[in-house]
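Novice: Let me begin by handing over the structure; questions about it come next.
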Amino acid sequence: MSNIQNIDISLNEIVKNISKDIYQIPKFQRDFVWTNKDILDLGDSIIRGYPISSLLTMPMNGTLQVGSHSLLKEAKMDDSQELDENETKYFVLDGQQRMTSIAKLFLSGDIKNEYYYDLLAILVEKFPEDKIDNDIGLSNLSAKLVKDQLCRNFGRGADRSDKPVRHNNRFIAGQSVVENKYGSVVSKFLRNLKEATDDNIDKYTDYLNGILGAINGYSVPATVIAGDSELGVVIRVFEKVNSTGKKLTLFDLINAKSFEVEIEAYKGGLSEFLTNKIKEKINQRPELKKGLNSFFKYNEDTENYEKLDRIIRFLEICHLLEQKAIPGMIQSTMLRRNAEFWFDKWNEKSSILFEIIGWIEEEGLTDVAQVTFLEYAIAILLANPKAFINTKFKHEIKKYALYLTVTGTSFSKSNLDIVEKFNDIALQIINEHQFKKYEFSSPVGMPNLLSTNILDITTSKAEFRAILNILYNERPNGKFDRDILGYKINRADSSKFDSHHIYPKAQVPDFNNKSKFNSIANIVLLDSQANREEVKDKSPSEYFQYVKSLSEGEFYCNQNLISIDEALKVSSQEEALIFITNRANKIAEAVNCFFKT
């Protein structure tokens with residue numbers, strides 16, 4: 001194709017281009033996510049001459065006008081060389097992770113780490129029979145030799161300065177290699193060897209100089225898309241050649257398309273627009289911060305939201321519900337929508353959306369409910385905003401969200417019968433005469449939990465958080481409004497209350513049944529400060545004696561489905577298991593009661 005050119009580019013040229021700030025990252029690209037291990041693997045591949053796959057670039061002076069930021073910024077570098085007047089900047093469409101890693105490896109572009117090649121490891125791998133690592137002259141080089149690892153990283157010191165070499169010239173920085181400053185380093189390192197013959201020293205010198213010298217000429221294949229190519233062509237090429245095997249997500253594609261809008265306020269792209277709007281709302285309403293940051297997964301390091309894709313999903317579902325269409329999300333349909341659709345839909349729905357997200361957080365559903373159901377529930381409320389003021393309707397949505405988690409029932413995009421039931425109820429609510437109270441039948445089933453189910457719910461499971469939510473937020477049968485020491489519980493808040501084991505394993509003789517002792521039947525919420533200062537490491541018999549001495553101690557225990565007299569009788573693992581099983585029955589009854597109301 002005339003708009004595609006395949007070339008080879010040397011590592012030396014790539015490094016020079018990076019230092020001149022020639023490479024720019026389009027804003028529809030993902031952030032840099034590679035780990036230290038990924039960077040070291042890349043450095044290792046380069047020195048061995050292994051291929052690292054191709055790059056995909058496009059001139060910035062063409063038809064693709066999208067927001068971008070410097071690759072140097074991605075690599076946490078501030079300085080760049082001056083760009084010649086006749087030089088063109090390029091978008092990096094594929095290869096961002098590798099290019100940023102090259103900056104970290106060969107331009108010291110990492111504020112936390114420096115990357116080096118291990119001259120000893122290189123020699124030991126090439127000449128294993130020489131047993132170079134046993135040379136007495138290397139006894140002062142304390143860094144442990146790591147087999148098959150030629151590239152290593154070290155944390156920067158307090159002064160953050162670059163160190164061209166480490167460990168008496170054993171480690172040479174990548175930047176020193178590409179600047180051709182390795183010859184004297186090799187010579188100085190080899191002087192450490194006390195047992196090597198002159199012939200071997202010559203052999204090692206030639207090999208190290210050869211392998212380090214080849215790095216600058218290391219060739220990387222690159223595909224360059226012509227500057228006058230349309231966005232559709234760019235996306236199709238990207239999908240075909242993306243070397244990571246990870247296609248652009250639907251949100252990435254919609255975000256890329258969003259740069260085509262003419263309205264000035266939208267020119268930064270959909271992702272930047274949504275991010276700014278969420279942050280703006282948080283500044284206006286700080287009480288929404290926790291819920292919004294949690295639901296859209298705010299990353300403190302990048303200062304971006306990682307789950308903005310949730311917004312396009314429930315906006316799409318909302319639109320389909322309003323059109324009385326089956327709310328199935330079809331990628332091709334969503335991609336065909338013009339870019340302004342998403343901005344306009346957000347402007348129309350964002351006000352009520354913020355209130356809905358705030359309610360979800362207030363009800364403790366963000367980390368308890370299945371995201372797919374929450375997306376559909378949000379869409380239903382967005383499509384029928386008047387139903388959001390109906391307390392009973394919202395309660396039924398919460399009940400169903402908890403039902404799914406408690407029963408371990410998976411909710412997928414195919415569960416449209418439930419979506420349609422909730423949407424029909426919402427429509428009937430908003431169409432009912434304002435002076436009449438609409439009574440609807442709940443679409444929520446009964447979990448019919450037994451004590452055996454409760455005993456299987458341990459602290460690591462999602463069901464655990466859902467049960468705590470039901471007990472301490474909903475207070476079935478009027479219970480669970482205080483902890484066993486009498487402290488008021490307004491909601492299951494992990495910042496204020498600890499999940500306290502009634503019978504800790506350390507306090508039960510012959511403890512050997514981890515599962516049941518770690519089940520929710522053996523857990524109560526306890527004021528965090530009181531747990532540290534009043535309970536501490538007391539045995540159950542000790543702190544239950546203290547609770548019984550309180551004027552309403554027995555009432556506090558009853559509130560948590562504990563008989564204080566039964567608790568005081570426990571003196572063995574068998575008796576503790578009987579107590580836990582009896583409490584599991586009471587918890588099962590309380591949870592089932594919640595779903596009946």
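Ordering of the structure tokens sets the chain letters (A, B, ...), residue numbers begin anew at 1 in every chain, and ligands are numbered from 1 in the order given.
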Can you pull out every residue within 10 Å of A:Val33, counting only C-alpha atoms, but drop anything in the same chain fewer than 4 positions away, and send it as a ChimeraX atom specification?
Specialist: /A:38,96-97
Novice: So that I can see what lies close to stretch 152-158 of chain A, please list as a list of chain:residue names the residues with an atom at most 6 Å from it, counting only C-alpha atoms and leaving out residues fewer than 4 positions away in the same chain.
Specialist: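 Once the nearby chain positions are removed, what remains is A:Lys112, A:Asn113, A:Glu114, A:Tyr115, A:Tyr116.
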Novice: Export, as an mmCIF file, in the first residue's frame, the selected residues with C-alpha atoms.
Specialist:
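Generated output (out17.cif):
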data_model
loop_
_atom_site.group_PDB
_atom_site.id
_atom_site.type_symbol
_atom_site.label_atom_id
_atom_site.label_comp_id
_atom_site.auth_asym_id
_atom_site.auth_seq_id
_atom_site.Cartn_x
_atom_site.Cartn_y
_atom_site.Cartn_z
ATOM 1 C CA LYS A 112 13.872 5.496 40.653
ATOM 2 C CA ASN A 113 16.226 3.075 38.908
ATOM 3 C CA GLU A 114 19.337 2.933 36.750
ATOM 4 C CA TYR A 115 19.908 0.117 34.262
ATOM 5 C CA TYR A 116 23.225 -1.600 33.623
#
Novice: Extract, using only C-alpha atoms, all DNA, RNA and protein residues at most 12 Å from A:Ala265, discarding same-chain residues fewer than 6 positions from it, and format them as JSON, numbers by chain.
Specialist: {"A": [258, 259, 272, 273, 274, 276, 277, 340, 343, 344]}
Novice: Any chance you can output those residues with N, CA and C atoms as an mmCIF file, in the first residue's frame?
Specialist:
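For reference, again.cif as written:
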data_model
loop_
_atom_site.group_PDB
_atom_site.id
_atom_site.type_symbol
_atom_site.label_atom_id
_atom_site.label_comp_id
_atom_site.auth_asym_id
_atom_site.auth_seq_id
_atom_site.Cartn_x
_atom_site.Cartn_y
_atom_site.Cartn_z
ATOM 1 N N SER A 258 -12.777 10.466 18.930
ATOM 2 C CA SER A 258 -13.289 11.703 19.546
ATOM 3 C C SER A 258 -12.438 12.930 19.228
ATOM 4 N N PHE A 259 -11.197 12.729 18.770
ATOM 5 C CA PHE A 259 -10.341 13.873 18.445
ATOM 6 C C PHE A 259 -10.776 14.565 17.146
ATOM 7 N N GLU A 272 -9.710 12.775 28.144
ATOM 8 C CA GLU A 272 -9.309 13.968 28.884
ATOM 9 C C GLU A 272 -10.534 14.761 29.343
ATOM 10 N N PHE A 273 -11.541 14.847 28.490
ATOM 11 C CA PHE A 273 -12.773 15.566 28.820
ATOM 12 C C PHE A 273 -13.449 14.945 30.042
ATOM 13 N N LEU A 274 -13.627 13.616 30.026
ATOM 14 C CA LEU A 274 -14.292 12.937 31.141
ATOM 15 C C LEU A 274 -13.477 13.050 32.427
ATOM 16 N N ASN A 276 -11.378 15.413 33.300
ATOM 17 C CA ASN A 276 -11.486 16.776 33.821
ATOM 18 C C ASN A 276 -12.843 17.027 34.459
ATOM 19 N N LYS A 277 -13.908 16.487 33.861
ATOM 20 C CA LYS A 277 -15.246 16.695 34.400
ATOM 21 C C LYS A 277 -15.423 16.003 35.751
ATOM 22 N N GLU A 340 -19.493 13.312 18.668
ATOM 23 C CA GLU A 340 -20.244 14.231 19.522
ATOM 24 C C GLU A 340 -21.276 13.513 20.383
ATOM 25 N N PHE A 343 -20.058 12.984 24.020
ATOM 26 C CA PHE A 343 -19.969 14.253 24.752
ATOM 27 C C PHE A 343 -21.369 14.763 25.101
ATOM 28 N N ASP A 344 -22.284 14.708 24.117
ATOM 29 C CA ASP A 344 -23.639 15.203 24.346
ATOM 30 C C ASP A 344 -24.373 14.357 25.383
#
Novice: For the structure I just gave you, how does DSSP split stretch 346-521 of chain A - specifically, which residues are helix (DSSP H, G or I)? Reply as JSON, numbers by chain.
Specialist: {"A": [346, 347, 348, 349, 350, 351, 352, 353, 354, 355, 356, 357, 358, 359, 360, 361, 362, 371, 372, 373, 374, 375, 376, 377, 378, 379, 380, 381, 382, 383, 385, 386, 387, 388, 389, 391, 392, 393, 394, 395, 396, 397, 398, 399, 400, 401, 402, 403, 404, 405, 406, 407, 416, 417, 418, 419, 420, 421, 422, 423, 424, 425, 426, 427, 428, 429, 430, 431, 451, 452, 453, 454, 455, 462, 463, 464, 465, 466, 467, 468, 469, 470, 471, 472, 473, 474, 476, 477, 478, 505, 506, 507, 514, 515, 516, 517, 520, 521]}
Novice: Which is closest to A:Ile484 among A:Lys516, A:Lys181, A:Lys548, A:Lys536, if we use only C-alpha atoms?
Specialist: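 The answer is A:Lys548, which sits nearest to A:Ile484.
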Novice: Where in stretch 459-509 of chain A does DSSP assign strand (DSSP E), given as a list in words?
Specialist: Phe497, Asp498, Ser499, His500 and His501 of chain A
Novice: Can you pull out the residues contacting stretch 549-558 of chain A? Cut-off 12 Å, using only C-alpha atoms, and skip same-chain residues under 3 positions away; I want them as a ChimeraX atom specification.
Specialist: /A:477-489,502,524-526,542-546,561-568,583,586
Novice: Quick one: residues within 12 Å of stretch 208-212 of chain A, only C-alpha atoms counted, chain neighbours fewer than 5 positions away excluded, as an NGL selection string?
Specialist: :A and (43-44 or 46-49 or 116-127 or 150 or 170 or 172-187 or 189-190 or 201-203 or 217-218)
